[in-house]
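K.L.:
Sharing a structure below in structure tokens format, with a few things to ask.
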Amino acid sequence: MHDDRTLIEGRLKRVLDERIRPAVYPESVPLDVAVWTAPGEPVPVAEGLAATPEPIAVGARWGAPWGTSWFHVTGTVPAAWAGRTVEAVLDLGFDENMPGFQCEGLVYRPDGTPVKGLNPRNQWVRIAAPAEGGERVDLRVEAASNPVILDYHPFLPTQLGDKDTAGSEPQYRLERMDLAVFDETVWQLVMDLEVLGELTQELPEDSGRRHEILRAVDRALDAVDLQDVNGTAAAARAALEGVLAAPAHDSAHRISAVGHAHIDSAWLWPLRETVRKVARTTSNMTALLDDDPDFVFAMSQAQQWAWIKEHRPEVWAKVKKAVADGRFVPAGGMWVESDTNMPGSEAMARQFVHGKRFFLEEFGVENDEAWLPDTFGFAAGLPQIIKAAGSKWLLTQKISWSQTNKFPHHTFRWEGIDGTRIFTHFPPVDTYNCAVKGSEIAHAARNFKDKGVARHSLAPVGWGDGGGGTTREMIAKAARLRDLEGSPAVRWERPAEFFEKAEAEYPNAPVWVGELYLELHRATLTSQAGTKQGNRRSEHLLREAELWAATAAVRAGFPYPYGELDRIWKTVLLHQFHDILPGSSIAWVHREARATYAAVAEDLNAVIRAAQKALAGDGTRELVFNGAPHARAGVPAGGAQAPAADGRTTVTARADGGHVLDNGLLRVEVDARGLVVSAYDLVSGREAVAPGRAANLPQLHADFPNMWDAWDVDAFYRHTVTDLSEAEEVTAEGDASVRVVRRFGASRMTQVLTLAPGQRRLDIDTEVDWHETEKFLKLAFPLDVHAERYASETQFGHFYRPTHTNTSWEAAKFEACNHRFVHVEEPGWGVALVNDSTYGHDVTRTVRDADSGTTTTVRVSLLRAPRFPDPETDQGLHRFRHALVPGADIVDAVREGYRINLPERRVTGGATEVAPLVAVDDDAVVVTAVKLADDGSGDVVVRFHEARGGRARTTLRLGFEIADVVVTDLLERPLDDAPAPARDGGRVTVALRPFELVTLRVRRA
């Protein structure tokens, strides 16, 4: 049979390609085409429709990079086609790549009604079924000539990623603009043969079912007259009825198909283009929902829904109706599908607050699932946030991309740092762009790791990344696979329907504890430093703006800026999308992001200044405002008072060159190379720097990953390293600082090392004028600490990782994420390294010699220089702040991390002090937000968590009379099962579990 099988499969391929598929459109006539090209950025739909086009011929070139062309397509259905199905076939110049990575279009009727999107896998527009003959065809196509940035060949630097550098050369050639007869029977035959042909490829060679299908296919092909495919297609279909009717076995794997189009909110296109991508895709999906009663489509990212509402009201009307019908499903409950490693605690919480609230307010839909198919790993603090938002499930696919270790489950419970468990599913189909191919469906069943105890999995079906969504071909294949022997059973279902079934059948699902680390795309923690710095600073400015505005509202009647804060939060959340914050988008995206963050900073600083001025009053007395969650230099957290007197730091010459800084708490030696050779903790009598080593050592690596330049750093980058140990200048500066200047390659680094009076930390301000290519810059701190694990901050707590590489799981984590601090510790003494805007780092453990133990080296990642997709990544001037904190325990690390990110502010006024609106009595309890309730009621909302990793009982002192206090979820809704906190006047006492997150809503008397 092997030879027969090969012959039949070869025959099937050729007949399909050369005879049957071409017969889907047996007759066609050309349409008349004219075009108007918008002079710059996209214009409103009404303007594009009203423009006067000029004739253009098929074969003509069109479309400068990032341009918009409005095609006017007209014609008449021939009278001879009466009674037949007629479609327009519109090929703008597509190639065979996935939709979303090249030119695209949205078809309108003359009155502005959207019809559907155009892309390589969706070139048709239904005109009539059946036609009467003589119908007038009048269509307008808003066509985007987005350039091809990614074609999966070697990733070469390109200037096409920014409209300012992309040039004006036309990108596309108009290929086909025809009116054609659509033969439904031939198209259905294509679907029959594709499904059966793909199924035979997955069945065992000696399978009786495989032989049965091959024989039926052979008979069907015999029935096809190759000179009259259209006249014999029905007979060929009849020959396949038997094998297509054979039902699946009861034990077959069950796949919940969810129509989907993962649309990156920005990536190889700018944000403005995503607005149009969403409109194209949703127009197609609402049309498909009308055509097929079983189809269900789910779309995540509330921001994208909001874009449709704002920019495409005519599309929004169709979407709203489809949601009301229950088949267009809002999914995920987040503002965008964000990165989850780098967003801070409050930002991660607000992703759910703004996402869930949008779907609740617009549709009355409560999302129970977090939907993050493409995010690059998941922080260990996320389960608690999902639960606190009122959700209970998580879906992602990306972990299947891990290069080293295969994750052991597809369905499991994920436990976060506080013990919260979330029912989680990784679709074993291993793609969020499932096209219902036989190979994909069979892979899902074979790959499913929880066989024997579960048999349900989910498949997101539709073209994604750049949009496109589900196609009629995918729907047709799913219909045939609904109940087909030899295949998993495929059903269209909503995400909630899948999760309910999956959780019910697997009540004792295994548990995975800790982060879901993606063993890939590790360099996204460092690429595009300016974007990351903008995010970090925006998060902390938002904290301050809410804190001081709420305090001023209660204390001084300041008008709380609800609308402005809502707008800015949504802007910052949008830029946490998993190709913006990670630095993996084109130059245009990051250029705009830098400008956006600058505007955000200006707006938030204006709010902060106005609120603090309202609190300070009129006068010339200086007040120090402390926006950090811990007291600093005598100023209470969230309060202000007159500045305290500082202590003193001495700077003396070092015998062997360099300088010694001493403030009575720390003594730091900076040698003639500008390196820190000693950081001696005078309080405990411990040295922080490993013997014979030097800290604050810049190190440069070659950085040329095997693939995915902006995304990846491969382990072999460590094979070569250059220590940038030579300095051209090491000088004392002022009363407490040393200035160090280095040059390397075409770049320059200037550092100022400061030991401030009264502080047990060494501040390191680094400025790099960076002009390297394909290099990776790190800053190394070899510490005299024997530690088998270290802590790095994550959302609402910290997470421990090993310093050793005992197994491949540990070895794969050679670059990891932290927020404000990394902390290494022996029992009783530790060291923290805190930062104001970096995320990537590595920690290694080395033996010094046989007698002197180990060195734990912490290295922070500063800059990279990949050339794709942005050939100028990170070129230019950057500033970073770090601080080395010897003698720090974990609470010290938390405290110093906040302090370096929230510098004190000095304001003149008439007040002698500003009392905090909220104060806690335990430094292990960190207040992450003080704000007024989002509903405008004037209630005060306080969010806090236990940060040490142990139990705590804390008393909150509220600076106003309390009428009522309740525990709420993140959306500020009371939790029915939460006991009321103990109250005593203006004090509220709360007991917390390790890392527990609590939100209180306090009504003022």
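Labels used: A, B, ... for chains in the order of the structure tokens, numbers from 1 for residues in each chain, and numbers from 1 for ligands as shown.
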Go through range 488-556 of chain A and collect every residue that DSSP, computed from the backbone, puts in strand (DSSP E or B); the answer should be as a list in words.

P.N.:
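The strand (DSSP E or B) subset of range 488-556 of chain A is Ala489, Val490, Arg491, Trp492, Val511, Trp512, Val513 and Leu516 of chain A.
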
K.L.:
Write the residues you've just listed into a file as an mmCIF file, in the first residue's frame, and include N, CA and C atoms for each of them.

P.N.:
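Okay, result21.cif is ready:
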```cif
data_model
loop_
_atom_site.group_PDB
_atom_site.id
_atom_site.type_symbol
_atom_site.label_atom_id
_atom_site.label_comp_id
_atom_site.auth_asym_id
_atom_site.auth_seq_id
_atom_site.Cartn_x
_atom_site.Cartn_y
_atom_site.Cartn_z
ATOM 1 N N ALA A 489 -12.206 15.619 18.182
ATOM 2 C CA ALA A 489 -13.500 16.263 17.924
ATOM 3 C C ALA A 489 -13.381 17.756 18.192
ATOM 4 N N VAL A 490 -13.755 18.560 17.200
ATOM 5 C CA VAL A 490 -13.590 20.010 17.272
ATOM 6 C C VAL A 490 -14.963 20.661 17.401
ATOM 7 N N ARG A 491 -15.107 21.534 18.406
ATOM 8 C CA ARG A 491 -16.351 22.267 18.616
ATOM 9 C C ARG A 491 -16.032 23.748 18.821
ATOM 10 N N TRP A 492 -16.860 24.620 18.232
ATOM 11 C CA TRP A 492 -16.738 26.046 18.530
ATOM 12 C C TRP A 492 -17.310 26.299 19.918
ATOM 13 N N VAL A 511 0.077 21.096 40.400
ATOM 14 C CA VAL A 511 0.373 22.475 40.792
ATOM 15 C C VAL A 511 1.792 22.829 40.358
ATOM 16 N N TRP A 512 1.935 23.990 39.758
ATOM 17 C CA TRP A 512 3.251 24.562 39.439
ATOM 18 C C TRP A 512 3.436 25.801 40.287
ATOM 19 N N VAL A 513 4.538 25.860 41.026
ATOM 20 C CA VAL A 513 4.780 26.946 41.969
ATOM 21 C C VAL A 513 5.836 27.892 41.406
ATOM 22 N N LEU A 516 6.403 31.519 35.677
ATOM 23 C CA LEU A 516 6.382 30.756 34.425
ATOM 24 C C LEU A 516 7.401 31.430 33.510
#
```

K.L.:
As a PyMOL selection string, which residues of range 151-296 of chain A does DSSP assign to helix (DSSP H, G or I)?

P.N.:
chain A and resi 184-202+208-223+229-238+241-245+271-291

K.L.:
Please produce a file of those selected residues containing C-alpha atoms, as a PDB file, in the first residue's frame.

P.N.:
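Output file selection_37.pdb is given in full below:
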```
ATOM      1  CA  GLU A 184     -19.826  26.636  -3.958  1.00  0.00           C
ATOM      2  CA  THR A 185     -19.742  22.940  -4.841  1.00  0.00           C
ATOM      3  CA  VAL A 186     -16.149  23.043  -6.068  1.00  0.00           C
ATOM      4  CA  TRP A 187     -15.115  25.049  -2.995  1.00  0.00           C
ATOM      5  CA  GLN A 188     -16.746  22.471  -0.714  1.00  0.00           C
ATOM      6  CA  LEU A 189     -14.928  19.712  -2.611  1.00  0.00           C
ATOM      7  CA  VAL A 190     -11.652  21.505  -1.948  1.00  0.00           C
ATOM      8  CA  MET A 191     -12.485  21.555   1.757  1.00  0.00           C
ATOM      9  CA  ASP A 192     -13.422  17.841   1.724  1.00  0.00           C
ATOM     10  CA  LEU A 193     -10.194  16.844   0.041  1.00  0.00           C
ATOM     11  CA  GLU A 194      -7.985  19.089   2.154  1.00  0.00           C
ATOM     12  CA  VAL A 195      -9.415  17.749   5.402  1.00  0.00           C
ATOM     13  CA  LEU A 196      -9.145  14.119   4.343  1.00  0.00           C
ATOM     14  CA  GLY A 197      -5.729  14.548   2.779  1.00  0.00           C
ATOM     15  CA  GLU A 198      -4.384  16.231   5.891  1.00  0.00           C
ATOM     16  CA  LEU A 199      -5.935  13.552   8.106  1.00  0.00           C
ATOM     17  CA  THR A 200      -4.231  10.737   6.212  1.00  0.00           C
ATOM     18  CA  GLN A 201      -0.869  12.396   6.857  1.00  0.00           C
ATOM     19  CA  GLU A 202      -1.463  12.041  10.612  1.00  0.00           C
ATOM     20  CA  GLY A 208      -7.248   0.747   8.337  1.00  0.00           C
ATOM     21  CA  ARG A 209      -8.865   4.179   8.550  1.00  0.00           C
ATOM     22  CA  ARG A 210      -6.035   5.693   6.540  1.00  0.00           C
ATOM     23  CA  HIS A 211      -6.394   3.113   3.799  1.00  0.00           C
ATOM     24  CA  GLU A 212     -10.153   3.637   3.733  1.00  0.00           C
ATOM     25  CA  ILE A 213      -9.770   7.379   3.255  1.00  0.00           C
ATOM     26  CA  LEU A 214      -7.110   7.002   0.574  1.00  0.00           C
ATOM     27  CA  ARG A 215      -9.329   4.670  -1.426  1.00  0.00           C
ATOM     28  CA  ALA A 216     -12.247   7.089  -1.132  1.00  0.00           C
ATOM     29  CA  VAL A 217     -10.035   9.983  -2.262  1.00  0.00           C
ATOM     30  CA  ASP A 218      -8.875   7.901  -5.205  1.00  0.00           C
ATOM     31  CA  ARG A 219     -12.502   7.231  -6.197  1.00  0.00           C
ATOM     32  CA  ALA A 220     -13.359  10.920  -5.841  1.00  0.00           C
ATOM     33  CA  LEU A 221     -10.506  11.935  -8.103  1.00  0.00           C
ATOM     34  CA  ASP A 222     -11.652   9.340 -10.608  1.00  0.00           C
ATOM     35  CA  ALA A 223     -15.037  11.051 -10.603  1.00  0.00           C
ATOM     36  CA  VAL A 229     -14.362  20.117 -12.841  1.00  0.00           C
ATOM     37  CA  ASN A 230     -17.410  22.262 -12.196  1.00  0.00           C
ATOM     38  CA  GLY A 231     -19.745  19.766 -13.821  1.00  0.00           C
ATOM     39  CA  THR A 232     -18.336  16.761 -11.925  1.00  0.00           C
ATOM     40  CA  ALA A 233     -17.545  18.191  -8.504  1.00  0.00           C
ATOM     41  CA  ALA A 234     -20.850  17.005  -7.020  1.00  0.00           C
ATOM     42  CA  ALA A 235     -20.106  13.419  -8.058  1.00  0.00           C
ATOM     43  CA  ALA A 236     -16.661  13.646  -6.513  1.00  0.00           C
ATOM     44  CA  ARG A 237     -18.155  14.889  -3.247  1.00  0.00           C
ATOM     45  CA  ALA A 238     -20.602  12.013  -3.235  1.00  0.00           C
ATOM     46  CA  GLU A 241     -19.652  11.122   1.892  1.00  0.00           C
ATOM     47  CA  GLY A 242     -19.044   7.798   3.594  1.00  0.00           C
ATOM     48  CA  VAL A 243     -15.612   8.525   5.016  1.00  0.00           C
ATOM     49  CA  LEU A 244     -16.667  12.026   6.079  1.00  0.00           C
ATOM     50  CA  ALA A 245     -19.695  10.638   7.925  1.00  0.00           C
ATOM     51  CA  LEU A 271      -0.201  52.189  17.037  1.00  0.00           C
ATOM     52  CA  ARG A 272      -2.259  54.118  14.503  1.00  0.00           C
ATOM     53  CA  GLU A 273      -2.139  51.186  12.098  1.00  0.00           C
ATOM     54  CA  THR A 274      -3.428  48.798  14.751  1.00  0.00           C
ATOM     55  CA  VAL A 275      -6.609  50.874  14.951  1.00  0.00           C
ATOM     56  CA  ARG A 276      -7.219  49.994  11.298  1.00  0.00           C
ATOM     57  CA  LYS A 277      -6.112  46.368  11.692  1.00  0.00           C
ATOM     58  CA  VAL A 278      -8.730  45.898  14.373  1.00  0.00           C
ATOM     59  CA  ALA A 279     -11.415  47.439  12.173  1.00  0.00           C
ATOM     60  CA  ARG A 280     -10.522  45.160   9.252  1.00  0.00           C
ATOM     61  CA  THR A 281     -10.480  42.026  11.355  1.00  0.00           C
ATOM     62  CA  THR A 282     -13.654  42.711  13.291  1.00  0.00           C
ATOM     63  CA  SER A 283     -15.494  43.552  10.074  1.00  0.00           C
ATOM     64  CA  ASN A 284     -14.568  40.125   8.738  1.00  0.00           C
ATOM     65  CA  MET A 285     -15.518  38.374  11.959  1.00  0.00           C
ATOM     66  CA  THR A 286     -18.971  39.947  12.250  1.00  0.00           C
ATOM     67  CA  ALA A 287     -19.623  38.901   8.645  1.00  0.00           C
ATOM     68  CA  LEU A 288     -18.570  35.307   9.377  1.00  0.00           C
ATOM     69  CA  LEU A 289     -20.808  35.206  12.433  1.00  0.00           C
ATOM     70  CA  ASP A 290     -23.735  36.064  10.162  1.00  0.00           C
ATOM     71  CA  ASP A 291     -22.781  33.241   7.794  1.00  0.00           C
TER      72      ASP A 291
END
```

K.L.:
List the spatial neighbours of Trp588 in chain A as a list in words - criterion: any atom at most 8 Å away, only C-alpha atoms, same-chain residues fewer than 6 positions off excluded.

P.N.:
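In the requested format, the answer is Gly161, Asp162, Lys163, Trp269 and Pro270 of chain A.
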
K.L.:
Go ahead and save the picked residues with N, CA and C atoms, as an mmCIF file, in the first residue's frame.

P.N.:
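Saved file out-v7.cif follows:
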```cif
data_model
loop_
_atom_site.group_PDB
_atom_site.id
_atom_site.type_symbol
_atom_site.label_atom_id
_atom_site.label_comp_id
_atom_site.auth_asym_id
_atom_site.auth_seq_id
_atom_site.Cartn_x
_atom_site.Cartn_y
_atom_site.Cartn_z
ATOM 1 N N GLY A 161 11.122 50.618 8.981
ATOM 2 C CA GLY A 161 10.378 50.609 10.229
ATOM 3 C C GLY A 161 10.015 51.972 10.782
ATOM 4 N N ASP A 162 10.208 53.019 10.019
ATOM 5 C CA ASP A 162 9.803 54.353 10.457
ATOM 6 C C ASP A 162 9.438 55.153 9.218
ATOM 7 N N LYS A 163 8.290 55.787 9.237
ATOM 8 C CA LYS A 163 7.869 56.553 8.060
ATOM 9 C C LYS A 163 8.861 57.653 7.721
ATOM 10 N N TRP A 269 4.361 47.556 13.083
ATOM 11 C CA TRP A 269 3.498 48.639 12.616
ATOM 12 C C TRP A 269 3.263 49.576 13.802
ATOM 13 N N PRO A 270 2.924 50.816 13.536
ATOM 14 C CA PRO A 270 2.700 51.773 14.633
ATOM 15 C C PRO A 270 1.309 51.593 15.243
#
```

K.L.:
Got a sec: who's within 6 Å of Leu90 in chain A, counting only C-alpha atoms, leaving out chain neighbours fewer than 5 positions off, as a ChimeraX atom specification?

P.N.:
/A:123,176-177

K.L.:
May I have a table of the residues of range 363-454 of chain A lying at most 12 Å from range 301-316 of chain A, giving each one's closest pair of atoms and their distance in Å to one decimal, counting only C-alpha atoms, ordered by chain and ascending residue number, as a Markdown table?

P.N.:
```
| residue | atom | partner | partner_atom | distance |
| --- | --- | --- | --- | --- |
| A:Phe363 | CA | A:Trp305 | CA | 11.3 |
| A:Val365 | CA | A:Ala302 | CA | 11.9 |
| A:Asn367 | CA | A:Ala302 | CA | 11.3 |
| A:Ala370 | CA | A:Gln301 | CA | 10.3 |
| A:Trp371 | CA | A:Gln301 | CA | 8.9 |
| A:Leu372 | CA | A:Gln301 | CA | 9.6 |
| A:Pro373 | CA | A:Gln301 | CA | 11.8 |
```

K.L.:
Please provide the set of residues having any atom within 8 Å of range 456-471 of chain A, restricted to only C-alpha atoms, with same-chain residues fewer than 6 positions apart removed, written as a CSV table (one decimal) with N, CA and C atoms, in the first residue's frame.

P.N.:
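Just written: around-v1.csv:
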```csv
chain,number,residue,atom,x,y,z
A,98,MET,N,1.7,35.2,5.9
A,98,MET,CA,0.5,35.4,6.8
A,98,MET,C,-0.1,36.8,6.6
A,99,PRO,N,-1.4,36.9,6.8
A,99,PRO,CA,-2.0,38.2,6.8
A,99,PRO,C,-1.4,39.1,7.9
A,100,GLY,N,-1.4,40.4,7.7
A,100,GLY,CA,-1.0,41.3,8.8
A,100,GLY,C,0.4,41.8,8.7
A,101,PHE,N,1.2,41.2,7.7
A,101,PHE,CA,2.6,41.6,7.6
A,101,PHE,C,2.9,42.3,6.3
A,117,GLY,N,-12.6,43.0,5.5
A,117,GLY,CA,-11.2,43.3,5.3
A,117,GLY,C,-10.6,42.4,4.2
A,119,ASN,N,-7.0,40.6,2.9
A,119,ASN,CA,-5.6,40.2,3.2
A,119,ASN,C,-5.3,39.0,2.3
A,121,ARG,N,-5.2,35.9,2.7
A,121,ARG,CA,-6.1,34.7,2.9
A,121,ARG,C,-7.5,35.1,2.9
A,122,ASN,N,-7.8,36.3,2.4
A,122,ASN,CA,-9.2,36.8,2.4
A,122,ASN,C,-9.4,37.9,1.4
A,253,HIS,N,-9.8,12.9,21.7
A,253,HIS,CA,-9.5,14.2,22.3
A,253,HIS,C,-10.5,15.3,21.9
A,254,ARG,N,-10.9,16.2,22.8
A,254,ARG,CA,-11.9,17.2,22.6
A,254,ARG,C,-11.2,18.5,22.5
A,255,ILE,N,-11.4,19.2,21.4
A,255,ILE,CA,-10.8,20.5,21.2
A,255,ILE,C,-11.9,21.6,21.1
A,256,SER,N,-11.8,22.6,22.0
A,256,SER,CA,-12.7,23.8,22.0
A,256,SER,C,-12.0,24.8,21.0
A,257,ALA,N,-12.6,25.0,19.9
A,257,ALA,CA,-12.1,26.0,18.9
A,257,ALA,C,-12.7,27.3,19.3
A,258,VAL,N,-11.8,28.3,19.4
A,258,VAL,CA,-12.3,29.7,19.7
A,258,VAL,C,-11.8,30.5,18.6
A,259,GLY,N,-12.7,31.1,17.8
A,259,GLY,CA,-12.2,32.1,16.8
A,259,GLY,C,-11.4,33.2,17.4
A,260,HIS,N,-10.3,33.5,16.8
A,260,HIS,CA,-9.4,34.5,17.4
A,260,HIS,C,-8.6,35.2,16.4
A,261,ALA,N,-8.1,36.4,16.7
A,261,ALA,CA,-7.1,37.1,15.9
A,261,ALA,C,-6.3,37.8,16.9
A,262,HIS,N,-5.2,37.2,17.2
A,262,HIS,CA,-4.2,37.9,18.1
A,262,HIS,C,-3.7,39.1,17.4
A,263,ILE,N,-4.0,40.3,17.8
A,263,ILE,CA,-3.6,41.5,17.1
A,263,ILE,C,-2.6,42.2,18.0
A,264,ASP,N,-1.3,42.3,17.7
A,264,ASP,CA,-0.4,43.0,18.4
A,264,ASP,C,-0.7,44.5,18.4
A,277,LYS,N,-6.2,47.8,11.7
A,277,LYS,CA,-6.1,46.4,11.7
A,277,LYS,C,-7.3,45.8,12.4
A,278,VAL,N,-7.6,46.4,13.6
A,278,VAL,CA,-8.7,45.9,14.4
A,278,VAL,C,-10.0,46.1,13.6
A,280,ARG,N,-10.5,46.1,10.3
A,280,ARG,CA,-10.5,45.2,9.3
A,280,ARG,C,-10.9,43.8,9.8
A,281,THR,N,-10.2,43.4,10.8
A,281,THR,CA,-10.5,42.0,11.4
A,281,THR,C,-11.9,41.9,11.9
A,284,ASN,N,-14.5,41.5,9.3
A,284,ASN,CA,-14.6,40.1,8.7
A,284,ASN,C,-15.3,39.2,9.7
A,285,MET,N,-15.0,39.3,11.0
A,285,MET,CA,-15.5,38.4,12.0
A,285,MET,C,-17.0,38.5,12.1
A,288,LEU,N,-18.6,36.8,9.2
A,288,LEU,CA,-18.6,35.3,9.4
A,288,LEU,C,-19.6,34.8,10.4
A,425,HIS,N,-4.2,27.0,31.5
A,425,HIS,CA,-4.2,26.1,30.3
A,425,HIS,C,-3.2,26.6,29.3
A,427,PRO,N,-2.6,25.8,25.5
A,427,PRO,CA,-3.1,25.0,24.4
A,427,PRO,C,-2.0,24.1,23.8
A,428,PRO,N,-2.2,22.8,23.8
A,428,PRO,CA,-1.2,21.9,23.2
A,428,PRO,C,-1.1,22.0,21.7
A,429,VAL,N,-2.0,22.7,21.0
A,429,VAL,CA,-1.9,22.9,19.6
A,429,VAL,C,-0.6,23.8,19.3
A,431,THR,N,0.1,26.9,19.1
A,431,THR,CA,0.0,28.1,18.2
A,431,THR,C,-1.2,28.9,18.6
A,432,TYR,N,-1.1,30.2,18.5
A,432,TYR,CA,-2.3,31.0,18.7
A,432,TYR,C,-2.8,31.5,17.3
A,433,ASN,N,-2.3,30.9,16.2
A,433,ASN,CA,-2.7,31.1,14.9
A,433,ASN,C,-3.2,29.8,14.2
A,434,CYS,N,-3.9,29.0,14.9
A,434,CYS,CA,-4.4,27.7,14.4
A,434,CYS,C,-5.2,27.9,13.2
A,435,ALA,N,-4.9,27.2,12.1
A,435,ALA,CA,-5.7,27.3,10.8
A,435,ALA,C,-6.6,26.0,10.6
A,436,VAL,N,-6.7,25.2,11.7
A,436,VAL,CA,-7.5,23.9,11.6
A,436,VAL,C,-6.9,23.0,10.6
A,444,ALA,N,-2.2,18.7,18.6
A,444,ALA,CA,-2.8,19.0,19.9
A,444,ALA,C,-3.1,17.8,20.7
A,448,PHE,N,-0.7,16.7,24.0
A,448,PHE,CA,-1.4,17.0,25.3
A,448,PHE,C,-0.8,16.1,26.4
A,498,PHE,N,-15.0,26.3,27.7
A,498,PHE,CA,-13.9,25.4,27.7
A,498,PHE,C,-13.4,25.3,29.2
A,501,LYS,N,-15.5,23.1,31.5
A,501,LYS,CA,-15.4,21.7,31.3
A,501,LYS,C,-14.0,21.2,31.7
A,502,ALA,N,-13.0,21.9,31.4
A,502,ALA,CA,-11.6,21.5,31.7
A,502,ALA,C,-11.4,21.4,33.2
```

K.L.:
Wanna dump the range 681-781 of chain A-range 649-670 of chain A contacts at 7 Å for me, each residue with its shortest atom pair and the distance in Å to one decimal, counting only C-alpha atoms, ordered by chain and number, as a Markdown table?

P.N.:
```
| residue | atom | partner | partner_atom | distance |
| --- | --- | --- | --- | --- |
| A:Asp681 | CA | A:Leu666 | CA | 5.0 |
| A:Leu682 | CA | A:Leu665 | CA | 5.2 |
| A:Val683 | CA | A:Leu665 | CA | 6.0 |
| A:Val730 | CA | A:Gly658 | CA | 6.8 |
| A:Asp735 | CA | A:Val651 | CA | 6.5 |
| A:Ala736 | CA | A:Thr649 | CA | 5.5 |
| A:Leu755 | CA | A:Leu661 | CA | 6.5 |
| A:Ala756 | CA | A:Thr649 | CA | 6.6 |
| A:Pro757 | CA | A:Thr649 | CA | 5.3 |
| A:Gly758 | CA | A:Asn663 | CA | 6.6 |
| A:Arg760 | CA | A:Leu665 | CA | 5.8 |
```

K.L.:
Hey, which of A:Cys103, A:Val822, A:Ile149, A:Ala248 ends up closest to Leu481 in chain A? Count only C-alpha atoms.

P.N.:
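Smallest distance to Leu481 in chain A is found for A:Ala248.
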
K.L.:
Identify, on the basis of only C-alpha atoms, every residue whose closest approach to Ala611 in chain A does not exceed 9 Å; exclude the query and any residue fewer than 4 positions from it along the same chain; express the result as a list in words.

P.N.:
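Once the nearby chain positions are removed, what remains is Ala545, Trp548, Ala549, Ala550, Thr551, Ala552, Ala553, Ala556, Phe558, Pro559, Tyr560, Ala606, Val607, Leu615 and Ala616 of chain A.
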
K.L.:
Can I get the residues of range 642-759 of chain A within 12 Å of range 385-406 of chain A, each with the closest pair of atoms and their distance in Å to one decimal, using only C-alpha atoms, sorted chain first then ascending number, as CSV?

P.N.:
```
residue,atom,partner,partner_atom,distance
A:Asp712,CA,A:Gln403,CA,11.4
A:Asp714,CA,A:Gln403,CA,10.4
A:Ala715,CA,A:Thr404,CA,11.2
```
